[in-house]
>>> print(open('upload_4.cif').read())   # mmCIF, C-alpha atoms
data_upload
#
loop_
_atom_site.group_PDB
_atom_site.id
_atom_site.type_symbol
_atom_site.label_atom_id
_atom_site.label_comp_id
_atom_site.auth_asym_id
_atom_site.auth_seq_id
_atom_site.Cartn_x
_atom_site.Cartn_y
_atom_site.Cartn_z
ATOM 1 C CA MET A 1 -92.962 -139.659 -37.240
ATOM 2 C CA GLN A 2 -91.635 -138.020 -34.114
ATOM 3 C CA GLY A 3 -93.305 -134.728 -33.271
ATOM 4 C CA LEU A 4 -96.432 -135.517 -35.310
ATOM 5 C CA ASN A 5 -99.737 -134.876 -33.542
ATOM 6 C CA ILE A 6 -103.333 -135.029 -34.773
ATOM 7 C CA ARG A 7 -105.913 -133.142 -32.738
ATOM 8 C CA LYS A 8 -109.215 -131.317 -32.942
ATOM 9 C CA ALA A 9 -109.144 -127.580 -33.577
ATOM 10 C CA GLY A 10 -110.332 -124.955 -31.144
ATOM 11 C CA ILE A 11 -111.195 -121.281 -31.401
ATOM 12 C CA SER A 12 -107.615 -120.449 -30.365
ATOM 13 C CA ASP A 13 -106.515 -121.888 -33.748
ATOM 14 C CA LEU A 14 -108.647 -119.408 -35.717
ATOM 15 C CA ASP A 15 -105.844 -117.185 -37.031
ATOM 16 C CA THR A 16 -103.590 -120.098 -37.945
ATOM 17 C CA VAL A 17 -106.245 -122.068 -39.847
ATOM 18 C CA THR A 18 -107.367 -118.928 -41.673
ATOM 19 C CA GLU A 19 -103.791 -118.276 -42.787
ATOM 20 C CA LEU A 20 -103.252 -121.917 -43.790
ATOM 21 C CA GLU A 21 -106.400 -121.789 -45.928
ATOM 22 C CA ARG A 22 -105.183 -118.607 -47.644
ATOM 23 C CA SER A 23 -101.882 -120.283 -48.494
ATOM 24 C CA CYS A 24 -103.626 -123.285 -50.070
ATOM 25 C CA PHE A 25 -106.557 -121.955 -52.109
ATOM 26 C CA PRO A 26 -107.237 -119.137 -54.559
ATOM 27 C CA VAL A 27 -109.172 -116.260 -52.955
ATOM 28 C CA PRO A 28 -112.596 -117.153 -54.489
ATOM 29 C CA GLU A 29 -112.314 -120.728 -53.142
ATOM 30 C CA ALA A 30 -110.776 -120.039 -49.719
ATOM 31 C CA ALA A 31 -112.923 -119.896 -46.607
ATOM 32 C CA GLY A 32 -112.473 -116.673 -44.682
ATOM 33 C CA ARG A 33 -111.952 -115.935 -41.010
ATOM 34 C CA LYS A 34 -115.687 -115.507 -40.409
ATOM 35 C CA ALA A 35 -116.494 -118.938 -41.889
ATOM 36 C CA PHE A 36 -113.823 -120.616 -39.765
ATOM 37 C CA GLU A 37 -115.021 -118.802 -36.658
ATOM 38 C CA LEU A 38 -118.547 -120.101 -37.303
ATOM 39 C CA ARG A 39 -117.259 -123.669 -37.786
ATOM 40 C CA LEU A 40 -115.015 -123.607 -34.724
ATOM 41 C CA GLN A 41 -117.786 -122.210 -32.527
ATOM 42 C CA ASN A 42 -120.523 -124.541 -33.750
ATOM 43 C CA TYR A 43 -118.921 -127.860 -34.739
ATOM 44 C CA PRO A 44 -115.266 -128.041 -33.652
ATOM 45 C CA GLU A 45 -115.616 -131.823 -33.452
ATOM 46 C CA CYS A 46 -115.556 -131.782 -37.282
ATOM 47 C CA PHE A 47 -112.231 -129.930 -37.531
ATOM 48 C CA TRP A 48 -108.972 -131.917 -37.447
ATOM 49 C CA LEU A 49 -105.423 -130.548 -37.397
ATOM 50 C CA LEU A 50 -102.105 -132.237 -38.051
ATOM 51 C CA GLU A 51 -99.131 -130.638 -36.333
ATOM 52 C CA ILE A 52 -95.417 -131.254 -36.550
ATOM 53 C CA ASP A 53 -93.512 -130.086 -33.482
ATOM 54 C CA GLY A 54 -96.484 -127.870 -32.568
ATOM 55 C CA GLN A 55 -96.822 -126.237 -35.993
ATOM 56 C CA ILE A 56 -100.145 -126.776 -37.806
ATOM 57 C CA ILE A 57 -99.340 -127.976 -41.311
ATOM 58 C CA SER A 58 -102.528 -129.729 -42.433
ATOM 59 C CA MET A 59 -106.246 -129.517 -41.698
ATOM 60 C CA ILE A 60 -109.532 -131.106 -42.649
ATOM 61 C CA ASN A 61 -112.816 -129.480 -41.705
ATOM 62 C CA GLY A 62 -116.506 -129.933 -42.333
ATOM 63 C CA MET A 63 -119.784 -130.592 -40.564
ATOM 64 C CA THR A 64 -122.151 -133.444 -39.852
ATOM 65 C CA THR A 65 -125.643 -133.461 -41.284
ATOM 66 C CA ASP A 66 -128.521 -135.670 -42.349
ATOM 67 C CA VAL A 67 -128.565 -133.975 -45.759
ATOM 68 C CA LYS A 68 -127.170 -136.396 -48.338
ATOM 69 C CA GLU A 69 -125.662 -133.928 -50.846
ATOM 70 C CA LEU A 70 -123.016 -131.297 -50.156
ATOM 71 C CA CYS A 71 -124.391 -127.882 -51.104
ATOM 72 C CA ASP A 72 -122.932 -124.379 -51.106
ATOM 73 C CA GLU A 73 -125.230 -123.194 -48.295
ATOM 74 C CA MET A 74 -123.382 -125.499 -45.880
ATOM 75 C CA TYR A 75 -120.165 -123.485 -46.177
ATOM 76 C CA SER A 76 -121.534 -120.378 -44.490
ATOM 77 C CA GLY A 77 -124.400 -121.450 -42.243
ATOM 78 C CA THR A 78 -125.360 -123.859 -39.502
ATOM 79 C CA ASP A 79 -128.973 -124.613 -40.467
ATOM 80 C CA MET A 80 -128.157 -128.068 -41.872
ATOM 81 C CA TYR A 81 -125.788 -129.077 -39.072
ATOM 82 C CA ALA A 82 -126.801 -132.089 -36.974
ATOM 83 C CA ALA A 83 -124.469 -133.237 -34.190
ATOM 84 C CA ASP A 84 -125.602 -136.823 -34.710
ATOM 85 C CA GLY A 85 -125.892 -136.477 -38.511
ATOM 86 C CA LYS A 86 -125.480 -139.514 -40.727
ATOM 87 C CA TRP A 87 -122.978 -137.846 -43.075
ATOM 88 C CA LEU A 88 -119.758 -135.915 -42.574
ATOM 89 C CA MET A 89 -119.510 -133.211 -45.233
ATOM 90 C CA LEU A 90 -115.909 -132.138 -45.807
ATOM 91 C CA PHE A 91 -115.434 -128.481 -46.706
ATOM 92 C CA GLY A 92 -111.685 -128.433 -47.018
ATOM 93 C CA VAL A 93 -108.513 -130.482 -46.997
ATOM 94 C CA ALA A 94 -105.430 -128.274 -46.848
ATOM 95 C CA THR A 95 -101.722 -128.833 -46.354
ATOM 96 C CA ALA A 96 -99.139 -126.052 -46.193
ATOM 97 C CA PRO A 97 -97.371 -125.834 -49.566
ATOM 98 C CA ALA A 98 -93.943 -126.690 -48.103
ATOM 99 C CA TYR A 99 -95.314 -129.996 -46.739
ATOM 100 C CA ARG A 100 -97.274 -131.257 -49.748
ATOM 101 C CA LYS A 101 -96.452 -134.636 -51.305
ATOM 102 C CA SER A 102 -95.242 -135.863 -47.897
ATOM 103 C CA SER A 103 -98.322 -137.971 -46.994
ATOM 104 C CA PHE A 104 -99.538 -135.619 -44.245
ATOM 105 C CA ALA A 105 -102.958 -135.087 -45.858
ATOM 106 C CA SER A 106 -103.244 -138.870 -46.239
ATOM 107 C CA LYS A 107 -102.425 -139.456 -42.561
ATOM 108 C CA LEU A 108 -105.006 -136.873 -41.566
ATOM 109 C CA MET A 109 -107.645 -138.295 -43.924
ATOM 110 C CA GLU A 110 -107.104 -141.773 -42.489
ATOM 111 C CA ARG A 111 -107.757 -140.366 -39.011
ATOM 112 C CA VAL A 112 -110.884 -138.517 -40.162
ATOM 113 C CA ILE A 113 -112.227 -141.716 -41.737
ATOM 114 C CA GLU A 114 -111.446 -143.708 -38.582
ATOM 115 C CA ASP A 115 -113.110 -141.140 -36.297
ATOM 116 C CA THR A 116 -116.159 -140.869 -38.558
ATOM 117 C CA LYS A 117 -116.643 -144.652 -38.609
ATOM 118 C CA LYS A 118 -116.330 -144.792 -34.795
ATOM 119 C CA HIS A 119 -119.229 -142.348 -34.515
ATOM 120 C CA GLY A 120 -121.458 -144.667 -36.541
ATOM 121 C CA ARG A 121 -121.970 -142.300 -39.440
ATOM 122 C CA TRP A 122 -122.980 -143.592 -42.860
ATOM 123 C CA GLY A 123 -120.042 -142.003 -44.639
ATOM 124 C CA ILE A 124 -118.214 -138.918 -45.834
ATOM 125 C CA VAL A 125 -118.976 -136.590 -48.754
ATOM 126 C CA LEU A 126 -116.641 -134.048 -50.320
ATOM 127 C CA THR A 127 -116.186 -132.085 -53.508
ATOM 128 C CA CYS A 128 -112.900 -131.764 -55.337
ATOM 129 C CA LYS A 129 -111.392 -130.695 -58.613
ATOM 130 C CA GLU A 130 -111.056 -133.351 -61.290
ATOM 131 C CA GLU A 131 -107.297 -133.790 -60.812
ATOM 132 C CA LEU A 132 -107.838 -134.804 -57.161
ATOM 133 C CA ILE A 133 -110.284 -137.639 -57.894
ATOM 134 C CA PRO A 134 -107.467 -140.251 -57.937
ATOM 135 C CA PHE A 135 -106.175 -139.034 -54.546
ATOM 136 C CA TYR A 136 -109.547 -139.436 -52.840
ATOM 137 C CA SER A 137 -110.270 -142.692 -54.673
ATOM 138 C CA ARG A 138 -107.309 -144.249 -52.829
ATOM 139 C CA PHE A 139 -109.335 -143.959 -49.610
ATOM 140 C CA GLY A 140 -112.423 -145.564 -51.153
ATOM 141 C CA PHE A 141 -114.267 -142.401 -52.198
ATOM 142 C CA VAL A 142 -116.329 -142.865 -55.367
ATOM 143 C CA SER A 143 -117.003 -140.035 -57.799
ATOM 144 C CA GLU A 144 -120.677 -139.221 -58.234
ATOM 145 C CA GLY A 145 -119.982 -136.849 -61.125
ATOM 146 C CA ILE A 146 -120.110 -133.087 -61.392
ATOM 147 C CA SER A 147 -121.444 -131.379 -58.269
ATOM 148 C CA SER A 148 -124.136 -128.711 -58.302
ATOM 149 C CA SER A 149 -121.727 -126.533 -56.281
ATOM 150 C CA GLU A 150 -120.777 -123.202 -57.786
ATOM 151 C CA HIS A 151 -118.338 -122.391 -54.968
ATOM 152 C CA GLY A 152 -115.518 -120.180 -56.215
ATOM 153 C CA GLY A 153 -116.740 -120.438 -59.811
ATOM 154 C CA VAL A 154 -115.001 -123.802 -60.261
ATOM 155 C CA LYS A 155 -116.206 -127.177 -61.599
ATOM 156 C CA TRP A 156 -116.376 -129.575 -58.631
ATOM 157 C CA TYR A 157 -116.879 -133.321 -58.504
ATOM 158 C CA GLN A 158 -118.795 -134.839 -55.619
ATOM 159 C CA MET A 159 -117.226 -137.905 -54.027
ATOM 160 C CA ARG A 160 -118.691 -140.213 -51.398
ATOM 161 C CA LEU A 161 -117.217 -142.792 -49.063
ATOM 162 C CA ARG A 162 -119.907 -145.137 -47.718
ATOM 163 C CA PHE A 163 -119.491 -147.129 -44.508
ATOM 164 C CA GLU A 164 -122.806 -148.997 -44.481
#
>>> encode(input="upload_4.cif", output="structure tokens")
Amino acid sequence: MQGLNIRKAGISDLDTVTELERSCFPVPEAAGRKAFELRLQNYPECFWLLEIDGQIISMINGMTTDVKELCDEMYSGTDMYAADGKWLMLFGVATAPAYRKSSFASKLMERVIEDTKKHGRWGIVLTCKEELIPFYSRFGFVSEGISSSEHGGVKWYQMRLRFE
């Protein structure tokens, strides 16, 4: 698609990604400005943006770690971050409501998977709501059942994509 660009986020994107998150998730589940600032300052290499004609419409962010399970403490701290970590933990996949069901999240996920493989990681872990399991399964993610996460007071399912 003409005008489509995938790039890594930078601190200058802080306001835009915070607003995009707010438009995509209920307040208890949405990451706030402070969380995004922490992520952009400490592991921007784990933050992808998809733009159309310069407008950010989709994002995927997380962090790399050697910890095998995604836990709530990862969302707000850097203690478990490892630049050369074996696993990419995804914290959020978000697409602006007006652009949903247009394959933008899929295009971005394909890029994230490609980049993660290139770095020699073992795989990617994420949590999602039950209705999104089929979406992530299309990329090869396998459900590992209900997550221990209590983030936002919602029932999450942990999914893993293994490269090894």
>>> residues_around(input="upload_4.cif", residues="stretch 113-130 of chain A", least_positions_apart="5", cutoff="7 Å", atoms="all atoms listed in the file", output="VMD selection string")
chain A and resid 70 86 to 91 155 to 164
>>> closest_residue(input="upload_4.cif", among="A:Leu4, A:Ala35, A:Met59, A:Ile52", to="A:Tyr75", atoms="all atoms listed in the file")
A:Ala35
>>> resolve_selection(input="upload_4.cif", expression="the PyMOL selection byres ((chain A and resi 17) around 12)", output="ChimeraX atom specification")
/A:8-16,18-24,30-37,39-40,47-51,55-61,92-96
>>> atom_distance(input="upload_4.cif", atom1="atom CA of A:Ser106", atom2="atom CA of A:Phe135")
8.8 Å
>>> axis_aligned_box(input="upload_4.cif", around="stretch 84-90 of chain A", padding_each_side="6 Å", output="lines of an AutoDock Vina configuration file")
center_x = -120.9
center_y = -135.8
center_z = -40.3
size_x = 22.0
size_y = 19.4
size_z = 23.1
>>> atom_distance(input="upload_4.cif", atom1="atom CA of A:Ser103", atom2="atom CA of A:Pro134")
14.4 Å
>>> atom_distance(input="upload_4.cif", atom1="atom CA of A:Asp79", atom2="atom CA of A:His151")
18.1 Å
>>> closest_residue(input="upload_4.cif", among="A:Val112, A:Asp66, A:Thr78, A:Pro97", to="A:Cys46", atoms="only C-alpha atoms")
A:Val112
>>> closest_residue(input="upload_4.cif", among="A:Ser76, A:Leu108, A:Ser147, A:Asp53", to="A:Gly3", atoms="only C-alpha atoms")
A:Asp53
>>> closest_residue(input="upload_4.cif", among="A:Ile133, A:Ala82, A:Ile6, A:Val27", to="A:Gly153", atoms="all atoms listed in the file")
A:Val27
>>> closest_residue(input="upload_4.cif", among="A:Gly140, A:Ala83, A:Asn5, A:Phe25", to="A:Asn42", atoms="all atoms listed in the file")
A:Ala83
>>> decode(input="upload_4.cif", residues="stretch 108-131 of chain A", atoms="N, CA and C atoms", output="mmCIF file, in the first residue's frame")
data_model
loop_
_atom_site.group_PDB
_atom_site.id
_atom_site.type_symbol
_atom_site.label_atom_id
_atom_site.label_comp_id
_atom_site.auth_asym_id
_atom_site.auth_seq_id
_atom_site.Cartn_x
_atom_site.Cartn_y
_atom_site.Cartn_z
ATOM 1 N N LEU A 108 1.729 -5.469 10.717
ATOM 2 C CA LEU A 108 2.676 -5.091 11.767
ATOM 3 C C LEU A 108 3.158 -6.321 12.532
ATOM 4 N N MET A 109 2.254 -7.247 12.834
ATOM 5 C CA MET A 109 2.654 -8.466 13.542
ATOM 6 C C MET A 109 3.635 -9.279 12.703
ATOM 7 N N GLU A 110 3.402 -9.371 11.417
ATOM 8 C CA GLU A 110 4.343 -10.092 10.551
ATOM 9 C C GLU A 110 5.727 -9.473 10.628
ATOM 10 N N ARG A 111 5.807 -8.165 10.670
ATOM 11 C CA ARG A 111 7.105 -7.480 10.776
ATOM 12 C C ARG A 111 7.758 -7.749 12.119
ATOM 13 N N VAL A 112 6.967 -7.706 13.188
ATOM 14 C CA VAL A 112 7.498 -7.975 14.534
ATOM 15 C C VAL A 112 8.062 -9.393 14.593
ATOM 16 N N ILE A 113 7.343 -10.342 14.051
ATOM 17 C CA ILE A 113 7.805 -11.739 14.031
ATOM 18 C C ILE A 113 9.109 -11.843 13.240
ATOM 19 N N GLU A 114 9.140 -11.234 12.074
ATOM 20 C CA GLU A 114 10.347 -11.253 11.233
ATOM 21 C C GLU A 114 11.544 -10.646 11.963
ATOM 22 N N ASP A 115 11.361 -9.477 12.560
ATOM 23 C CA ASP A 115 12.449 -8.811 13.283
ATOM 24 C C ASP A 115 12.921 -9.644 14.472
ATOM 25 N N THR A 116 11.977 -10.251 15.178
ATOM 26 C CA THR A 116 12.314 -11.037 16.367
ATOM 27 C C THR A 116 13.111 -12.279 15.979
ATOM 28 N N LYS A 117 12.726 -12.930 14.899
ATOM 29 C CA LYS A 117 13.484 -14.087 14.399
ATOM 30 C C LYS A 117 14.904 -13.673 14.015
ATOM 31 N N LYS A 118 15.033 -12.548 13.311
ATOM 32 C CA LYS A 118 16.351 -12.061 12.867
ATOM 33 C C LYS A 118 17.303 -11.855 14.038
ATOM 34 N N HIS A 119 16.758 -11.492 15.195
ATOM 35 C CA HIS A 119 17.596 -11.268 16.372
ATOM 36 C C HIS A 119 17.918 -12.554 17.120
ATOM 37 N N GLY A 120 17.476 -13.684 16.592
ATOM 38 C CA GLY A 120 17.828 -14.972 17.193
ATOM 39 C C GLY A 120 17.101 -15.287 18.482
ATOM 40 N N ARG A 121 15.995 -14.658 18.717
ATOM 41 C CA ARG A 121 15.243 -14.934 19.947
ATOM 42 C C ARG A 121 14.538 -16.282 19.817
ATOM 43 N N TRP A 122 14.105 -16.814 20.944
ATOM 44 C CA TRP A 122 13.435 -18.107 20.971
ATOM 45 C C TRP A 122 11.975 -18.000 20.563
ATOM 46 N N GLY A 123 11.382 -16.819 20.763
ATOM 47 C CA GLY A 123 9.985 -16.658 20.406
ATOM 48 C C GLY A 123 9.367 -15.423 21.010
ATOM 49 N N ILE A 124 8.040 -15.385 20.920
ATOM 50 C CA ILE A 124 7.249 -14.236 21.374
ATOM 51 C C ILE A 124 6.135 -14.747 22.278
ATOM 52 N N VAL A 125 5.869 -14.006 23.355
ATOM 53 C CA VAL A 125 4.799 -14.340 24.291
ATOM 54 C C VAL A 125 3.879 -13.128 24.406
ATOM 55 N N LEU A 126 2.583 -13.389 24.474
ATOM 56 C CA LEU A 126 1.619 -12.313 24.679
ATOM 57 C C LEU A 126 0.444 -12.850 25.471
ATOM 58 N N THR A 127 -0.366 -11.947 25.978
ATOM 59 C CA THR A 127 -1.637 -12.335 26.581
ATOM 60 C C THR A 127 -2.738 -11.637 25.803
ATOM 61 N N CYS A 128 -3.875 -12.299 25.716
ATOM 62 C CA CYS A 128 -5.008 -11.719 24.999
ATOM 63 C C CYS A 128 -6.302 -12.221 25.606
ATOM 64 N N LYS A 129 -7.382 -11.564 25.223
ATOM 65 C CA LYS A 129 -8.705 -12.026 25.620
ATOM 66 C C LYS A 129 -9.076 -13.226 24.751
ATOM 67 N N GLU A 130 -9.985 -14.029 25.260
ATOM 68 C CA GLU A 130 -10.347 -15.281 24.597
ATOM 69 C C GLU A 130 -10.759 -15.088 23.140
ATOM 70 N N GLU A 131 -11.493 -14.024 22.841
ATOM 71 C CA GLU A 131 -11.976 -13.828 21.469
ATOM 72 C C GLU A 131 -10.861 -13.520 20.471
#
